[in-house]
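Chemist: As input, take structure.cif (mmCIF, C-alpha atoms):
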```
data_work
#
loop_
_atom_site.label_atom_id
_atom_site.label_comp_id
_atom_site.auth_asym_id
_atom_site.auth_seq_id
_atom_site.Cartn_x
_atom_site.Cartn_y
_atom_site.Cartn_z
CA MET O 1 97.17 118.59 115.27
CA SER O 2 93.66 117.13 115.70
CA ASP O 3 92.17 116.61 119.14
CA SER O 4 92.50 112.84 118.81
CA ALA O 5 96.17 113.16 117.76
CA PHE O 6 96.81 115.46 120.73
CA ASP O 7 95.09 112.98 123.06
CA ALA O 8 97.16 110.09 121.66
CA LEU O 9 100.40 112.05 122.14
CA THR O 10 99.65 113.14 125.70
CA ALA O 11 98.56 109.58 126.56
CA ALA O 12 101.94 108.35 125.32
CA ILE O 13 103.76 111.01 127.40
CA ASP O 14 101.77 110.05 130.51
CA GLY O 15 102.41 106.35 129.85
CA GLU O 16 106.13 106.93 129.44
CA GLU O 17 106.28 108.93 132.68
CA ALA O 18 104.51 106.04 134.44
CA ALA O 19 107.00 103.59 132.94
CA VAL O 20 109.98 105.67 134.12
CA TYR O 21 108.49 105.71 137.61
CA ALA O 22 107.80 101.95 137.55
CA TYR O 23 111.38 101.18 136.53
CA GLY O 24 112.61 103.46 139.29
CA VAL O 25 110.80 101.50 141.99
CA ALA O 26 111.55 98.11 140.38
CA ILE O 27 115.31 98.43 139.91
CA PRO O 28 116.22 98.18 143.65
CA ARG O 29 114.57 94.72 143.69
CA LEU O 30 116.45 93.40 140.67
CA SER O 31 120.01 92.09 140.38
CA GLY O 32 122.37 90.67 137.81
CA SER O 33 121.08 90.42 134.26
CA LEU O 34 117.60 91.58 135.31
CA SER O 35 119.09 94.76 136.73
CA ASP O 36 120.90 95.35 133.43
CA LEU O 37 117.66 94.74 131.53
CA ALA O 38 115.85 97.22 133.76
CA ARG O 39 118.51 99.90 133.37
CA GLY O 40 118.29 99.52 129.60
CA GLY O 41 114.50 99.81 129.74
CA LEU O 42 114.67 102.87 132.00
CA ALA O 43 117.10 104.61 129.64
CA ALA O 44 114.85 103.83 126.66
CA HIS O 45 111.75 105.24 128.37
CA ARG O 46 113.59 108.38 129.51
CA LEU O 47 114.62 109.06 125.92
CA ARG O 48 111.05 108.49 124.72
CA VAL O 49 109.66 110.98 127.25
CA ILE O 50 112.06 113.66 126.00
CA SER O 51 111.39 112.86 122.35
CA LEU O 52 107.59 112.93 122.77
CA ARG O 53 107.58 116.14 124.83
CA GLN O 54 109.59 117.90 122.14
CA ARG O 55 106.63 117.53 119.78
CA LEU O 56 104.48 119.85 121.91
CA PRO O 57 104.93 123.47 123.00
CA VAL O 58 105.75 123.56 126.71
CA ALA O 59 102.38 125.14 127.55
CA GLN O 60 100.53 122.20 125.95
CA GLN O 61 102.57 119.45 127.57
CA PRO O 62 101.04 117.38 130.36
CA PRO O 63 102.70 118.36 133.66
CA PRO O 64 105.44 116.06 134.93
CA PRO O 65 103.95 113.63 137.44
CA GLY O 66 104.43 114.51 141.10
CA GLY O 67 104.58 110.80 141.85
CA PHE O 68 102.41 107.72 141.85
CA ASP O 69 100.54 106.12 144.73
CA VAL O 70 102.17 102.75 144.33
CA ASP O 71 103.58 100.17 146.71
CA PRO O 72 107.19 99.55 145.72
CA PRO O 73 107.62 95.88 144.75
CA VAL O 74 109.14 93.85 147.58
CA ASP O 75 110.94 91.27 145.47
CA ALA O 76 112.13 90.49 141.95
CA THR O 77 108.90 88.69 141.04
CA GLN O 78 106.72 91.65 141.92
CA ALA O 79 109.13 94.00 140.18
CA SER O 80 109.04 91.92 136.99
CA ASP O 81 105.23 91.66 137.08
CA LEU O 82 104.94 95.43 137.50
CA LEU O 83 107.20 96.09 134.51
CA ALA O 84 105.54 93.45 132.31
CA GLY O 85 102.16 95.09 132.93
CA VAL O 86 103.31 98.65 132.37
CA GLU O 87 105.13 97.71 129.16
CA VAL O 88 102.26 95.81 127.53
CA ARG O 89 99.80 98.61 128.25
CA LEU O 90 102.21 101.15 126.82
CA ALA O 91 102.43 99.05 123.63
CA ALA O 92 98.71 99.66 123.05
CA VAL O 93 99.13 103.39 123.73
CA TYR O 94 101.83 103.52 121.05
CA ALA O 95 99.69 101.60 118.57
CA ASP O 96 97.10 104.33 119.01
CA LEU O 97 99.74 107.03 118.61
CA ALA O 98 100.79 105.34 115.35
CA ALA O 99 97.19 105.54 114.16
CA HIS O 100 97.15 109.31 114.74
CA THR O 101 100.55 110.21 113.27
CA PHE O 102 102.13 110.04 109.82
CA GLY O 103 105.47 109.35 108.18
CA ALA O 104 108.51 109.16 110.45
CA ASP O 105 106.45 109.81 113.61
CA ARG O 106 104.22 106.85 112.78
CA ARG O 107 107.16 104.54 112.14
CA ASP O 108 108.69 105.68 115.42
CA ALA O 109 105.44 104.89 117.25
CA VAL O 110 105.17 101.40 115.73
CA LEU O 111 108.76 100.62 116.64
CA ALA O 112 108.09 101.87 120.18
CA ALA O 113 105.00 99.61 120.38
CA ARG O 114 107.15 96.66 119.29
CA GLU O 115 109.85 97.47 121.84
CA CYS O 116 107.30 97.70 124.65
CA ALA O 117 105.65 94.39 123.69
CA VAL O 118 109.07 92.71 123.51
CA ARG O 119 110.13 94.11 126.90
CA SER O 120 106.84 92.97 128.44
CA VAL O 121 107.58 89.39 127.37
CA ALA O 122 111.19 89.76 128.55
CA TRP O 123 109.76 90.60 131.99
CA GLY O 124 107.75 87.38 131.96
CA GLY O 125 104.55 88.63 130.38
CA THR O 126 102.59 86.27 128.13
CA PRO O 127 102.60 87.23 124.43
CA GLN O 128 99.28 88.68 123.35
CA ALA O 129 97.55 88.77 119.95
CA PHE O 130 96.79 92.48 120.48
CA PRO O 131 99.23 93.66 123.15
CA GLY O 132 97.60 95.72 125.88
CA ARG O 133 94.15 95.57 124.31
CA MET Y 134 97.12 96.27 146.34
CA ARG Y 135 98.04 99.90 145.88
CA ARG Y 136 100.40 98.73 143.16
CA ARG Y 137 97.30 98.51 140.99
CA THR Y 138 97.16 102.27 140.95
CA LEU Y 139 100.18 102.54 138.70
CA LEU Y 140 98.85 99.86 136.37
CA GLY Y 141 95.51 101.58 136.51
CA LEU Y 142 97.08 104.81 135.35
CA ALA Y 143 98.56 103.11 132.33
CA VAL Y 144 95.18 101.49 131.66
CA ALA Y 145 93.49 104.86 131.91
CA ALA Y 146 96.05 106.29 129.53
CA ALA Y 147 95.26 103.48 127.12
CA ALA Y 148 91.52 103.90 127.51
CA VAL Y 149 91.43 107.42 126.11
CA PRO Y 150 92.72 106.55 122.66
CA VAL Y 151 90.57 103.41 122.57
CA THR Y 152 87.49 105.56 122.98
CA ALA Y 153 88.80 108.06 120.49
CA GLY Y 154 89.45 105.25 118.03
CA CYS Y 155 85.88 104.01 118.24
CA THR Y 156 84.54 107.29 116.98
CA SER Y 157 87.36 108.14 114.62
CA SER Y 158 85.79 106.48 111.59
CA THR Y 159 83.42 109.41 111.43
CA ASP Y 160 86.11 111.99 112.14
CA PRO Y 161 87.35 114.13 109.28
CA ASP Y 162 90.57 112.80 107.81
CA PRO Y 163 93.34 114.46 109.87
CA ASN Y 164 95.67 114.30 106.88
CA PRO Y 165 93.57 115.23 103.88
CA SER Y 166 94.97 114.40 100.50
CA PRO Y 167 95.66 117.25 98.10
CA SER Y 168 92.88 115.99 95.88
CA THR Y 169 89.41 115.38 97.30
CA ASP Y 170 87.71 113.89 94.26
CA GLU Y 171 86.06 110.49 94.38
CA SER Y 172 88.89 108.65 92.68
CA THR Y 173 91.15 109.59 95.59
CA ASN Y 174 88.68 108.10 98.06
CA ASP Y 175 88.54 104.94 95.96
CA SER Y 176 92.32 104.64 95.93
CA GLU Y 177 92.50 105.15 99.70
CA ALA Y 178 89.97 102.39 100.23
CA SER Y 179 91.82 100.10 97.88
CA ILE Y 180 95.19 100.74 99.60
CA ASP Y 181 93.74 99.56 102.90
CA THR Y 182 92.02 96.62 101.22
CA PHE Y 183 95.28 95.69 99.51
CA LEU Y 184 97.17 95.90 102.83
CA ARG Y 185 94.53 93.81 104.62
CA VAL Y 186 94.64 91.07 101.97
CA GLY Y 187 98.44 90.95 101.96
CA ALA Y 188 98.71 90.91 105.77
CA ALA Y 189 96.03 88.19 106.05
CA GLU Y 190 97.95 86.06 103.52
CA ALA Y 191 101.12 86.55 105.55
CA GLU Y 192 99.23 85.37 108.65
CA THR Y 193 98.12 82.25 106.76
CA GLU Y 194 101.76 81.54 105.84
CA LEU Y 195 102.78 81.87 109.49
CA ILE Y 196 99.91 79.61 110.61
CA ASP Y 197 100.98 77.04 108.01
CA ARG Y 198 104.55 77.16 109.29
CA TYR Y 199 103.37 76.64 112.89
CA THR Y 200 101.03 73.80 111.83
CA ALA Y 201 103.77 72.02 109.87
CA THR Y 202 106.31 72.51 112.67
CA ILE Y 203 103.94 71.13 115.30
CA ALA Y 204 103.18 68.14 113.05
CA ALA Y 205 106.91 67.43 112.58
CA HIS Y 206 107.83 68.07 116.25
CA PRO Y 207 104.86 67.24 118.52
CA THR Y 208 106.92 68.08 121.64
CA LEU Y 209 106.82 71.73 120.55
CA ALA Y 210 103.02 71.81 120.47
CA ALA Y 211 102.60 73.22 123.99
CA ALA Y 212 104.89 76.16 123.25
CA LEU Y 213 103.75 76.84 119.69
CA THR Y 214 99.97 76.31 119.73
CA PRO Y 215 99.09 79.45 121.75
CA LEU Y 216 101.19 81.58 119.39
CA ALA Y 217 99.63 79.98 116.30
CA ASP Y 218 96.20 80.73 117.75
CA GLN Y 219 97.16 84.40 118.07
CA HIS Y 220 97.96 84.47 114.36
CA ARG Y 221 94.47 83.11 113.71
CA GLU Y 222 93.16 86.07 115.76
CA HIS Y 223 95.27 88.42 113.65
CA ARG Y 224 93.90 86.92 110.46
CA VAL Y 225 90.30 87.21 111.60
CA ALA Y 226 90.87 90.87 112.50
CA LEU Y 227 92.52 91.55 109.14
CA GLN Y 228 89.96 89.73 107.02
CA SER Y 229 86.47 90.90 106.36
CA GLN Y 230 85.48 87.27 105.76
CA PRO Y 231 87.36 84.67 107.83
CA ALA Y 232 88.75 81.74 105.88
CA PRO Y 233 89.20 78.26 107.38
CA ASP Y 234 92.71 76.86 107.86
CA SER Y 235 91.97 74.07 105.40
CA GLN Y 236 91.90 76.58 102.57
CA THR Y 237 95.65 76.25 102.38
CA SER Y 238 97.93 73.26 102.74
CA PRO Y 239 100.89 73.42 105.12
CA ALA Y 240 102.55 70.77 102.96
CA GLY Y 241 104.56 73.48 101.22
CA VAL Y 242 106.47 74.40 104.38
CA ASN Y 243 109.86 72.77 104.83
CA VAL Y 244 110.42 72.05 108.51
CA ALA Y 245 113.96 71.44 109.79
CA SER Y 246 114.49 68.01 111.33
CA ASP Y 247 116.29 69.61 114.29
CA PRO Y 248 113.58 71.14 116.51
CA ALA Y 249 115.90 73.97 117.65
CA ILE Y 250 116.47 74.97 114.02
CA ALA Y 251 112.74 74.66 113.30
CA VAL Y 252 112.02 77.09 116.16
CA ASN Y 253 114.72 79.42 114.88
CA ASP Y 254 113.01 79.42 111.48
CA ILE Y 255 109.75 80.44 113.16
CA ILE Y 256 111.54 83.22 115.04
CA ALA Y 257 112.97 84.51 111.74
CA ALA Y 258 109.51 84.36 110.12
CA GLU Y 259 107.97 86.26 113.05
CA ARG Y 260 110.59 89.01 112.84
CA ALA Y 261 110.16 89.30 109.07
CA ALA Y 262 106.38 89.53 109.53
CA ALA Y 263 106.75 92.22 112.22
CA ASP Y 264 108.96 94.24 109.86
CA ALA Y 265 106.52 93.81 106.97
CA ARG Y 266 103.56 94.95 109.11
CA THR Y 267 105.62 97.95 110.28
CA LEU Y 268 106.12 98.98 106.65
CA ASP Y 269 102.42 98.32 105.89
CA CYS Y 270 101.51 100.57 108.79
CA GLU Y 271 103.18 103.55 107.13
CA GLN Y 272 100.96 103.18 104.06
CA ALA Y 273 97.66 102.51 105.82
CA GLU Y 274 95.00 105.19 105.45
CA SER Y 275 92.42 104.46 108.14
CA VAL Y 276 92.98 104.92 111.86
CA GLU Y 277 91.56 101.45 112.54
CA LEU Y 278 93.83 99.57 110.14
CA THR Y 279 96.92 101.53 111.21
CA ARG Y 280 96.27 100.67 114.86
CA LEU Y 281 95.59 97.02 114.01
CA LEU Y 282 98.78 96.67 111.97
CA ALA Y 283 100.82 98.30 114.77
CA LEU Y 284 99.37 95.85 117.30
CA VAL Y 285 100.02 92.87 115.00
CA ALA Y 286 103.62 94.03 114.46
CA ALA Y 287 104.09 94.38 118.23
CA SER Y 288 102.53 90.95 118.84
CA GLU Y 289 104.77 89.26 116.29
CA ALA Y 290 107.88 90.94 117.68
CA SER Y 291 106.87 89.67 121.13
CA HIS Y 292 106.41 86.12 119.75
CA ALA Y 293 110.00 86.20 118.51
CA GLU Y 294 111.13 87.34 121.97
CA ALA Y 295 109.12 84.63 123.73
CA LEU Y 296 110.52 81.87 121.49
CA SER Y 297 114.07 83.25 121.75
CA SER Y 298 114.06 83.41 125.55
CA ALA Y 299 112.44 79.96 125.78
CA SER Y 300 115.11 78.40 123.57
CA GLU Y 301 117.86 80.09 125.61
CA THR Y 302 116.62 78.55 128.85
CA SER Y 303 115.88 75.06 127.51
#
```
Let me see the structure of the file written as structure tokens.

Modeler:
Amino acid sequence: MSDSAFDALTAAIDGEEAAVYAYGVAIPRLSGSLSDLARGGLAAHRLRVISLRQRLPVAQQPPPPGGFDVDPPVDATQASDLLAGVEVRLAAVYADLAAHTFGADRRDAVLAARECAVRSVAWGGTPQAFPGR
Amino acid sequence: MRRRTLLGLAVAAAAVPVTAGCTSSTDPDPNPSPSTDESTNDSEASIDTFLRVGAAEAETELIDRYTATIAAHPTLAAALTPLADQHREHRVALQSQPAPDSQTSPAGVNVASDPAIAVNDIIAAERAAADARTLDCEQAESVELTRLLALVAASEASHAEALSSASETS
């Protein structure tokens, strides 16, 4: 694996860990269909973290985050804004991972980028020509 | 305000590959082909050129569909114009030489008389385009084009989501 491919993979792992954390602090502020949407997003990001970490030997993996210095959102609007922002930025991280992988890994990264961009819009984000860039 | 820190982390995560991407054109090919003769290099260049031309043409078709739909249903202009403009950004990024809209005629696009159906047709076209760019991505050779096609696919998938959720709430 080239240095740039390693950097792209660890950036995706870090981004997914941040997304899992963001969903964790957002979910208590969401109810009804938004809560369901958030639980689906959280499950998807948890799976992605596991899948991405499996591509690296344990010694090369970025350490799990101890936490993030972040104010928990106080209401559904703040929670949605937080998730829209995290998702759209993660879309760009995955586009870069796609550029540094091949075959099935690349397809997986493009599909992940699409899912993140779609979820960002579902959380009220504005569609972008080049999501997260 | 501390909420920014989490967003900032994701931004920082994104910034690393952006920087890496800027220099990657001079990096050695991370996936060298079995053959290193000049004809291989030519074919790699032509694959990317072929993908760029095809993707730019697909953007023109989407722009034509938006233009024709807005002409047939002016009340949709506010919702559709920003998305059409993003396809123009895609096309500029895909083309080496930007072409004006007038190069093609949107007259060939059949727009449904029911605006809801017309929007549904755009959603279907966006999803088809996102799938086509996803497949293109797997064939692209350069880091830059692969990243661009992935972003375009993600953008088009998000357009379909935006139009779907808007039509659900209206």

Chemist: Could you list, with a cut-off of 8 Å and counting only C-alpha atoms, the residues of chain O near chain Y, each shown with its nearest atom pair and the distance in Å rounded to one decimal, rows sorted by chain and ascending number, as CSV?

Modeler:
```
residue,atom,partner,partner_atom,distance
O:Met1,CA,Y:Pro163,CA,7.8
O:Ser2,CA,Y:Pro163,CA,6.4
O:Ser4,CA,Y:Ala153,CA,6.3
O:Asp7,CA,Y:Pro150,CA,6.9
O:Ala8,CA,Y:Pro150,CA,5.8
O:Ala11,CA,Y:Ala146,CA,5.1
O:Ala12,CA,Y:Ala146,CA,7.5
O:Asp14,CA,Y:Ala146,CA,6.9
O:Gly15,CA,Y:Ala143,CA,5.6
O:Ala18,CA,Y:Ala143,CA,7.0
O:Ala22,CA,Y:Leu139,CA,7.7
O:Phe68,CA,Y:Leu139,CA,6.5
O:Asp69,CA,Y:Thr138,CA,6.4
O:Val70,CA,Y:Arg136,CA,4.5
O:Asp71,CA,Y:Arg136,CA,5.0
O:Pro72,CA,Y:Arg136,CA,7.3
O:Pro73,CA,Y:Arg136,CA,7.9
O:Leu82,CA,Y:Leu140,CA,7.6
O:Gly85,CA,Y:Leu140,CA,6.7
O:Val86,CA,Y:Leu140,CA,6.1
O:Arg89,CA,Y:Ala143,CA,6.2
O:Leu90,CA,Y:Ala143,CA,6.9
O:Ala91,CA,Y:Ala287,CA,7.3
O:Ala92,CA,Y:Ala147,CA,6.6
O:Val93,CA,Y:Ala147,CA,5.1
O:Ala95,CA,Y:Arg280,CA,5.1
O:Asp96,CA,Y:Arg280,CA,5.6
O:Ala98,CA,Y:Arg280,CA,6.5
O:Ala99,CA,Y:Val276,CA,4.8
O:His100,CA,Y:Val276,CA,6.7
O:Phe102,CA,Y:Glu271,CA,7.1
O:Gly103,CA,Y:Glu271,CA,6.3
O:Arg106,CA,Y:Glu271,CA,6.6
O:Arg107,CA,Y:Glu271,CA,6.5
O:Val110,CA,Y:Ala283,CA,5.4
O:Leu111,CA,Y:Thr267,CA,7.6
O:Ala113,CA,Y:Ala287,CA,5.7
O:Arg114,CA,Y:Ala287,CA,4.0
O:Glu115,CA,Y:Ala287,CA,7.5
O:Cys116,CA,Y:Ala287,CA,7.9
O:Ala117,CA,Y:Ser291,CA,5.5
O:Val118,CA,Y:Ser291,CA,4.4
O:Arg119,CA,Y:Ser291,CA,8.0
O:Val121,CA,Y:Ala295,CA,6.2
O:Ala122,CA,Y:Glu294,CA,7.0
O:Pro127,CA,Y:Ser291,CA,5.9
O:Gln128,CA,Y:Ser288,CA,6.0
O:Ala129,CA,Y:Gln219,CA,4.8
O:Phe130,CA,Y:Leu284,CA,5.3
O:Pro131,CA,Y:Ser288,CA,6.1
```

Chemist: Interatomic distance between CA of Arg55 (chain O) and CA of Glu17 (chain O)?

Modeler: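 Between CA of Arg55 (chain O) and CA of Glu17 (chain O) the gap is 15.5 Å.
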
Chemist: List the neighbours of region 40-42 of chain O out to 10 Å using all atoms listed in the file; skip same-chain residues closer than 5 positions along the sequence, and give me the result as an MDAnalysis selection string.

Modeler: chainID O and resid 16 19:24 27 34:35 47:48 83 87 115:116 119

Chemist: What is the CA of Ala76 (chain O) to CA of Val88 (chain O) distance in Å?

Modeler: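 CA of Val88 (chain O) lies 18.3 Å from CA of Ala76 (chain O).
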
Chemist: In Å, with one decimal, what is the gap from CA of Thr208 (chain Y) to CA of Ala251 (chain Y)?

Modeler: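 One can read the CA of Thr208 (chain Y) to CA of Ala251 (chain Y) distance as 12.1 Å.
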
Chemist: On this structure, which residues satisfy the PyMOL selection byres ((chain O and resi 62) around 8), written as an NGL selection string?

Modeler: :O and (10 or 13-14 or 60-61 or 63-64)

Chemist: Calculate, to one decimal in Å, the centre and edge lengths of the box along x, y and z of the file that holds all listed atoms of region 191-202 of chain Y with 4 Å of margin on each side, and present them as AutoDock Vina command-line options.

Modeler:
```
--center_x 102.2 --center_y 79.3 --center_z 109.2 --size_x 16.2 --size_y 22.5 --size_z 15.3
```

Chemist: Please return as a PyMOL selection string every residue within 10 Å of (92.9, 88.5, 109.1), taking into account only C-alpha atoms and the file's own coordinates.

Modeler: chain Y and resi 185-193+220-232

Chemist: Select, from O:Ala104, O:Leu97, O:Ala112, O:Arg39, the residue with the minimum atom-to-atom distance to Ala5 (chain O), counting all atoms listed in the file.

Modeler: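 The shortest atom-to-atom distance to Ala5 (chain O) comes from O:Leu97.
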
Chemist: Could you complete region 83-109 of chain O so that it carries N, CA and C atoms, and give it back as a short mmCIF file (atom, residue, chain, number, x, y, z; two decimals), in the frame of the given file?

Modeler:
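File written: result_22.cif
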```cif
data_model
loop_
_atom_site.label_atom_id
_atom_site.label_comp_id
_atom_site.auth_asym_id
_atom_site.auth_seq_id
_atom_site.Cartn_x
_atom_site.Cartn_y
_atom_site.Cartn_z
N LEU O 83 106.65 95.59 135.77
CA LEU O 83 107.20 96.09 134.51
C LEU O 83 106.53 95.43 133.31
N ALA O 84 106.22 94.13 133.41
CA ALA O 84 105.54 93.45 132.31
C ALA O 84 104.19 94.11 132.03
N GLY O 85 103.47 94.46 133.09
CA GLY O 85 102.16 95.09 132.93
C GLY O 85 102.24 96.48 132.35
N VAL O 86 103.17 97.28 132.87
CA VAL O 86 103.31 98.65 132.37
C VAL O 86 103.72 98.63 130.89
N GLU O 87 104.63 97.75 130.53
CA GLU O 87 105.13 97.71 129.16
C GLU O 87 104.03 97.30 128.17
N VAL O 88 103.25 96.28 128.51
CA VAL O 88 102.26 95.81 127.53
C VAL O 88 101.16 96.84 127.33
N ARG O 89 100.82 97.56 128.40
CA ARG O 89 99.80 98.61 128.25
C ARG O 89 100.34 99.77 127.43
N LEU O 90 101.61 100.07 127.60
CA LEU O 90 102.21 101.15 126.82
C LEU O 90 102.29 100.78 125.33
N ALA O 91 102.43 99.48 125.03
CA ALA O 91 102.43 99.05 123.63
C ALA O 91 101.13 99.47 122.95
N ALA O 92 100.00 99.29 123.63
CA ALA O 92 98.71 99.66 123.05
C ALA O 92 98.60 101.17 122.89
N VAL O 93 99.15 101.92 123.83
CA VAL O 93 99.13 103.39 123.73
C VAL O 93 99.91 103.83 122.48
N TYR O 94 101.03 103.17 122.23
CA TYR O 94 101.83 103.52 121.05
C TYR O 94 101.15 103.11 119.75
N ALA O 95 100.43 101.99 119.78
CA ALA O 95 99.69 101.60 118.57
C ALA O 95 98.66 102.68 118.23
N ASP O 96 98.06 103.25 119.26
CA ASP O 96 97.10 104.33 119.01
C ASP O 96 97.80 105.59 118.53
N LEU O 97 98.98 105.87 119.10
CA LEU O 97 99.74 107.03 118.61
C LEU O 97 100.10 106.85 117.14
N ALA O 98 100.48 105.62 116.76
CA ALA O 98 100.79 105.34 115.35
C ALA O 98 99.60 105.68 114.46
N ALA O 99 98.40 105.33 114.95
CA ALA O 99 97.19 105.54 114.16
C ALA O 99 96.87 107.02 113.98
N HIS O 100 97.45 107.88 114.81
CA HIS O 100 97.15 109.31 114.74
C HIS O 100 98.35 110.14 114.31
N THR O 101 99.37 109.49 113.77
CA THR O 101 100.55 110.21 113.27
C THR O 101 100.84 109.73 111.85
N PHE O 102 101.82 110.36 111.22
CA PHE O 102 102.13 110.04 109.82
C PHE O 102 103.64 110.03 109.63
N GLY O 103 104.07 109.33 108.58
CA GLY O 103 105.47 109.35 108.18
C GLY O 103 106.41 108.85 109.27
N ALA O 104 107.47 109.61 109.51
CA ALA O 104 108.51 109.16 110.45
C ALA O 104 107.97 109.02 111.87
N ASP O 105 107.03 109.91 112.26
CA ASP O 105 106.45 109.81 113.61
C ASP O 105 105.67 108.50 113.77
N ARG O 106 104.98 108.10 112.69
CA ARG O 106 104.22 106.85 112.78
C ARG O 106 105.17 105.66 112.88
N ARG O 107 106.22 105.65 112.06
CA ARG O 107 107.16 104.54 112.14
C ARG O 107 107.77 104.47 113.54
N ASP O 108 108.12 105.62 114.08
CA ASP O 108 108.69 105.68 115.42
C ASP O 108 107.72 105.08 116.45
N ALA O 109 106.43 105.40 116.30
CA ALA O 109 105.44 104.89 117.25
C ALA O 109 105.28 103.38 117.12
#
```
